[in-house]
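**Student:** Input start-v6.txt, format and content: compact mmCIF, C-alpha atoms.
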```txt
# COMPACT_ATOMS: atom_id res chain seq x y z
CA MET A 1 109.33 -158.37 173.87
CA LYS A 2 112.56 -156.58 173.01
CA LYS A 3 112.73 -158.35 169.61
CA LEU A 4 109.15 -157.34 168.86
CA LEU A 5 109.95 -153.72 169.66
CA ILE A 6 112.98 -153.83 167.34
CA VAL A 7 110.85 -155.30 164.54
CA VAL A 8 108.14 -152.66 165.01
CA VAL A 9 110.69 -149.81 165.06
CA THR A 10 112.40 -151.21 161.96
CA ILE A 11 109.08 -151.43 160.11
CA LEU A 12 108.22 -147.86 161.12
CA ILE A 13 111.59 -146.61 159.87
CA ILE A 14 111.07 -148.40 156.56
CA LEU A 15 107.55 -146.97 156.18
CA ILE A 16 108.70 -143.44 157.01
CA SER A 17 111.60 -143.77 154.56
CA LEU A 18 109.23 -144.93 151.82
CA TYR A 19 106.88 -142.02 152.52
CA ILE A 20 109.74 -139.50 152.39
CA TYR A 21 111.08 -141.10 149.21
CA ARG A 22 107.62 -140.92 147.62
CA ALA A 23 107.21 -137.27 148.62
CA GLU A 24 110.62 -136.32 147.24
CA TRP A 25 110.35 -138.41 144.09
CA SER A 26 110.81 -136.10 141.17
CA SER A 27 108.13 -136.32 138.52
CA SER A 28 110.67 -137.28 135.86
CA GLU A 29 110.70 -140.64 137.58
CA PHE A 30 106.94 -140.98 137.07
CA SER A 31 105.19 -142.44 134.11
CA ASP A 32 102.25 -140.30 133.00
CA GLU A 33 99.84 -142.70 134.69
CA GLU A 34 101.80 -142.59 137.95
CA ALA A 35 101.92 -138.78 137.85
CA ILE A 36 98.16 -138.64 137.25
CA ASN A 37 97.43 -141.07 140.08
CA PHE A 38 99.90 -139.43 142.48
CA SER A 39 98.59 -135.94 141.69
CA SER A 40 95.02 -137.17 142.22
CA ASP A 41 96.05 -138.46 145.65
CA LEU A 42 97.70 -135.13 146.45
CA ILE A 43 94.58 -133.23 145.38
CA ARG A 44 92.41 -135.46 147.59
CA GLU A 45 94.82 -134.77 150.47
CA ASN A 46 94.47 -131.02 149.71
CA LYS A 47 98.16 -130.78 148.77
CA ILE A 48 97.29 -128.72 145.74
CA ASP A 49 100.63 -126.96 145.21
CA GLN A 50 102.49 -130.27 145.29
CA ALA A 51 100.04 -131.74 142.77
CA ILE A 52 100.52 -128.74 140.51
CA ASP A 53 104.32 -129.12 140.72
CA VAL A 54 104.17 -132.83 139.84
CA LEU A 55 101.83 -132.20 136.92
CA ALA A 56 103.73 -129.17 135.59
CA ALA A 57 106.97 -131.15 135.51
CA GLN A 58 105.25 -134.10 133.83
CA ILE A 59 103.56 -131.87 131.25
CA LYS A 60 107.01 -130.57 130.26
CA GLU A 61 107.91 -134.19 129.50
CA ASN A 62 104.71 -134.98 127.59
CA LEU A 63 102.54 -132.37 125.91
CA ASP A 64 100.16 -134.94 124.44
CA ASN A 65 98.47 -136.44 127.50
CA TYR A 66 95.07 -134.84 127.95
CA LEU A 67 94.71 -136.25 131.48
CA LEU A 68 97.83 -134.42 132.68
CA PHE A 69 96.29 -131.14 131.54
CA TYR A 70 92.90 -132.13 132.94
CA ASN A 71 94.28 -132.95 136.41
CA ALA A 72 96.32 -129.75 136.41
CA GLY A 73 93.12 -127.86 135.58
CA VAL A 74 91.33 -129.52 138.48
CA ALA A 75 94.18 -128.57 140.83
CA HIS A 76 94.05 -124.94 139.70
CA MET A 77 90.26 -124.92 140.12
CA ARG A 78 90.76 -126.09 143.70
CA LYS A 79 93.02 -123.07 144.22
CA SER A 80 90.35 -120.84 142.64
CA ASP A 81 92.83 -119.97 139.87
CA TYR A 82 90.13 -120.15 137.21
CA ARG A 83 92.09 -118.43 134.43
CA LYS A 84 94.90 -120.97 134.64
CA ALA A 85 92.36 -123.80 134.95
CA LEU A 86 90.71 -122.54 131.74
CA GLU A 87 94.01 -122.73 129.87
CA LEU A 88 94.64 -126.27 131.07
CA PHE A 89 91.12 -127.55 130.37
CA THR A 90 91.29 -125.94 126.92
CA GLU A 91 94.51 -127.82 126.19
CA SER A 92 92.99 -131.07 127.48
CA ILE A 93 89.98 -130.53 125.19
CA ARG A 94 92.26 -129.73 122.24
CA ILE A 95 94.02 -133.06 122.69
CA LYS A 96 90.91 -135.12 123.43
CA PRO A 97 87.48 -133.57 124.04
CA SER A 98 85.70 -134.97 127.09
CA ILE A 99 82.52 -134.16 128.92
CA SER A 100 84.43 -133.72 132.18
CA ALA A 101 86.88 -131.19 130.75
CA LEU A 102 84.11 -129.29 128.96
CA ASN A 103 82.01 -129.25 132.13
CA ASN A 104 84.88 -127.97 134.27
CA ARG A 105 85.81 -125.34 131.70
CA ALA A 106 82.17 -124.23 131.53
CA TYR A 107 82.18 -123.92 135.33
CA CYS A 108 85.31 -121.73 135.15
CA TYR A 109 83.70 -119.54 132.49
CA THR A 110 80.61 -119.22 134.70
CA VAL A 111 82.66 -118.17 137.73
CA LEU A 112 84.47 -115.63 135.54
CA ASN A 113 81.14 -114.24 134.24
CA GLU A 114 81.78 -115.43 130.70
CA SER A 115 78.31 -116.89 130.25
CA LYS A 116 78.37 -117.09 126.44
CA LYS A 117 81.48 -119.29 126.50
CA ALA A 118 79.99 -121.44 129.28
CA ILE A 119 76.81 -121.88 127.22
CA ASP A 120 78.96 -122.92 124.25
CA ASP A 121 80.67 -125.59 126.37
CA TYR A 122 77.37 -126.95 127.70
CA THR A 123 76.13 -127.06 124.10
CA ALA A 124 79.28 -129.02 123.15
CA ILE A 125 78.55 -131.47 125.97
CA LEU A 126 75.03 -131.96 124.60
CA LYS A 127 76.46 -132.74 121.16
CA ILE A 128 78.41 -135.57 122.80
CA ASP A 129 75.57 -136.72 125.08
CA GLU A 130 72.11 -135.43 124.20
CA ASN A 131 70.74 -136.78 127.48
CA HIS A 132 73.14 -135.00 129.84
CA ALA A 133 70.62 -133.60 132.32
CA ALA A 134 73.15 -131.48 134.23
CA ALA A 135 74.32 -129.73 131.04
CA TYR A 136 70.72 -128.81 130.18
CA PHE A 137 70.18 -127.59 133.72
CA ARG A 138 73.35 -125.47 133.91
CA ARG A 139 72.80 -124.03 130.45
CA GLY A 140 69.19 -123.31 131.46
CA GLN A 141 70.43 -121.49 134.57
CA LEU A 142 72.73 -119.35 132.44
CA TYR A 143 69.92 -118.52 130.00
CA PHE A 144 67.67 -117.67 132.97
CA ASN A 145 70.33 -115.35 134.45
CA GLN A 146 70.64 -113.62 131.06
CA GLY A 147 66.87 -113.12 130.88
CA ASP A 148 66.43 -115.54 127.97
CA PHE A 149 63.48 -117.27 129.62
CA LYS A 150 62.33 -119.11 126.49
CA SER A 151 65.67 -120.88 126.07
CA ALA A 152 65.91 -121.40 129.82
CA GLN A 153 62.47 -123.01 129.90
CA GLY A 154 63.32 -125.44 127.10
CA ASP A 155 66.55 -126.55 128.77
CA LEU A 156 65.04 -126.79 132.24
CA GLU A 157 62.07 -128.81 130.98
CA LYS A 158 64.45 -131.20 129.20
CA SER A 159 66.60 -131.46 132.33
CA SER A 160 63.54 -132.18 134.45
CA SER A 161 62.30 -134.82 131.99
CA LEU A 162 65.70 -136.51 132.29
CA GLY A 163 65.22 -136.78 136.04
CA LEU A 164 66.95 -133.70 137.42
CA LYS A 165 64.22 -132.45 139.73
CA GLN A 166 66.08 -129.35 140.89
CA ALA A 167 65.19 -127.87 137.48
CA ASP A 168 61.55 -127.74 138.61
CA LYS A 169 62.31 -124.99 141.15
CA LEU A 170 63.73 -122.71 138.48
CA LEU A 171 60.94 -123.61 136.07
CA LYS A 172 58.39 -122.36 138.62
CA LYS A 173 60.07 -118.95 138.53
CA ILE A 174 59.61 -118.80 134.74
CA LYS A 175 55.99 -119.93 134.61
```
What does the file become when written as structure tokens?

**Tutor:**
Amino acid sequence: MKKLLIVVVTILIILISLYIYRAEWSSSEFSDEEAINFSSDLIRENKIDQAIDVLAAQIKENLDNYLLFYNAGVAHMRKSDYRKALELFTESIRIKPSISALNNRAYCYTVLNESKKAIDDYTAILKIDENHAAAYFRRGQLYFNQGDFKSAQGDLEKSSSLGLKQADKLLKKIK
């Protein structure tokens, strides 16, 4: 029994040491992929400031990895720092345009009441994927909020035809 207790305590000490080591590991010891994965874990654990620190240090090491900028943008969105998130998503898009980065940047523009820029991003998404129901829906919402009911109707009908039934509720308000 005593030996078992010693083994269990030893294992616990090792696990705690590994956890502390992982938490204190400076990002310069991370590859980009490790930093992205570690920061994603931190974001899921709601350790946003730690994720931002890991990503900021890694970005200093590598300015060409769009996923570093993307994850940093997500972390700043979680903090409701939409201006900083915009900068980071814009840099991610500059390096490698993606639907996810465009969608998140459009969301930030929407929150910041920059509807025209959000509409532009949803339009860019539709150039990449002409069947992106959510982009039609969100762009339709923005048109609706601006009073451009004709454009809103076209986008909402397309969104509905692609299976996004929540568009039907807004369409009823137009018709």

**Student:** What's the 9 Å shell around Lys96 of chain A, counting only C-alpha atoms, without same-chain residues fewer than 3 positions away, as a short mmCIF file (atom, residue, chain, number, x, y, z; two decimals) with C-alpha atoms, in the coordinates of the input?

**Tutor:**
```
data_model
loop_
_atom_site.label_atom_id
_atom_site.label_comp_id
_atom_site.auth_asym_id
_atom_site.auth_seq_id
_atom_site.Cartn_x
_atom_site.Cartn_y
_atom_site.Cartn_z
CA ASN A 65 98.47 -136.44 127.50
CA TYR A 66 95.07 -134.84 127.95
CA LEU A 67 94.71 -136.25 131.48
CA GLU A 91 94.51 -127.82 126.19
CA SER A 92 92.99 -131.07 127.48
CA ILE A 93 89.98 -130.53 125.19
#
```

**Student:** Identify, on the basis of all atoms listed in the file, every residue whose closest approach to Asn46 of chain A does not exceed 10 Å; exclude the query and any residue fewer than 5 positions from it along the same chain; express the result as a list in words.

**Tutor:**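 Contacts, with the query itself left out: Ser40, Asp41, Ala51, Ala75, Arg78 and Lys79 of chain A.
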
**Student:** Mind dumping the selected residues with C-alpha atoms as a compact mmCIF listing (two decimals), keeping the file's coordinate frame?

**Tutor:**
```
# COMPACT_ATOMS: atom_id res chain seq x y z
CA SER A 40 95.02 -137.17 142.22
CA ASP A 41 96.05 -138.46 145.65
CA ALA A 51 100.04 -131.74 142.77
CA ALA A 75 94.18 -128.57 140.83
CA ARG A 78 90.76 -126.09 143.70
CA LYS A 79 93.02 -123.07 144.22
```

**Student:** Identify which of the residues A:Thr110, A:Asp64, A:Asp120, A:Val74 lies closest to Ile95 of chain A, counting all atoms listed in the file when measuring atom-to-atom distances.

**Tutor:**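 Going through A:Thr110, A:Asp64, A:Asp120, A:Val74 one by one, the smallest distance to Ile95 of chain A is for A:Asp64.
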
**Student:** So what do you get for atom CA of Arg83 of chain A versus atom CA of Asn131 of chain A, distance-wise?

**Tutor:** 29.0 Å

**Student:** What is the distance, in Å and to one decimal place, between atom CA of Asp32 of chain A and atom CA of Lys127 of chain A?

**Tutor:**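 Rounded to one decimal, the two atoms are 29.4 Å apart.
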
**Student:** Have a look at atom CA of Pro97 of chain A and atom CA of Gln153 of chain A and let me know their distance in Å, one decimal.

**Tutor:**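 Distance reported for this atom pair: 27.8 Å.
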
**Student:** Would you pick out the contacts of Asp155 of chain A at 8 Å or less, using only C-alpha atoms, so that residues sharing its chain but fewer than 2 positions from it are not included, and give the list as a ChimeraX atom specification?

**Tutor:** /A:136-137,139-140,151-153,157-159

**Student:** Give the answer as one residue: which of A:Arg94, A:Ile125, A:Leu171, A:Leu112 has the shortest atom-to-atom distance to Phe144 of chain A, using all atoms listed in the file?

**Tutor:**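 When distances to Phe144 of chain A are compared using all atoms listed in the file, the smallest one comes from A:Leu171.
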
**Student:** Within 12 Å of Ser100 of chain A, counting all atoms listed in the file, which residues qualify if same-chain residues fewer than 6 places away don't, as a ChimeraX atom specification?

**Tutor:** /A:66-67,70-71,73-74,89-90,92-93,106-107,121-122,124-125,128-129,132,134-135

**Student:** Find the residue from A:Ser115, A:Gln58, A:Ser80, A:Asn103 that sits nearest to Glu34 of chain A; use all atoms listed in the file when measuring.

**Tutor:**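 With all atoms listed in the file as the atom set, the closest residue is A:Gln58.
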
**Student:** Quick one: of A:Ile36, A:Ile174, A:Ala133, A:Leu162, who's nearest to Gly147 of chain A, counting all atoms listed in the file?

**Tutor:**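 Using all atoms listed in the file, the shortest distance to Gly147 of chain A belongs to A:Ile174.
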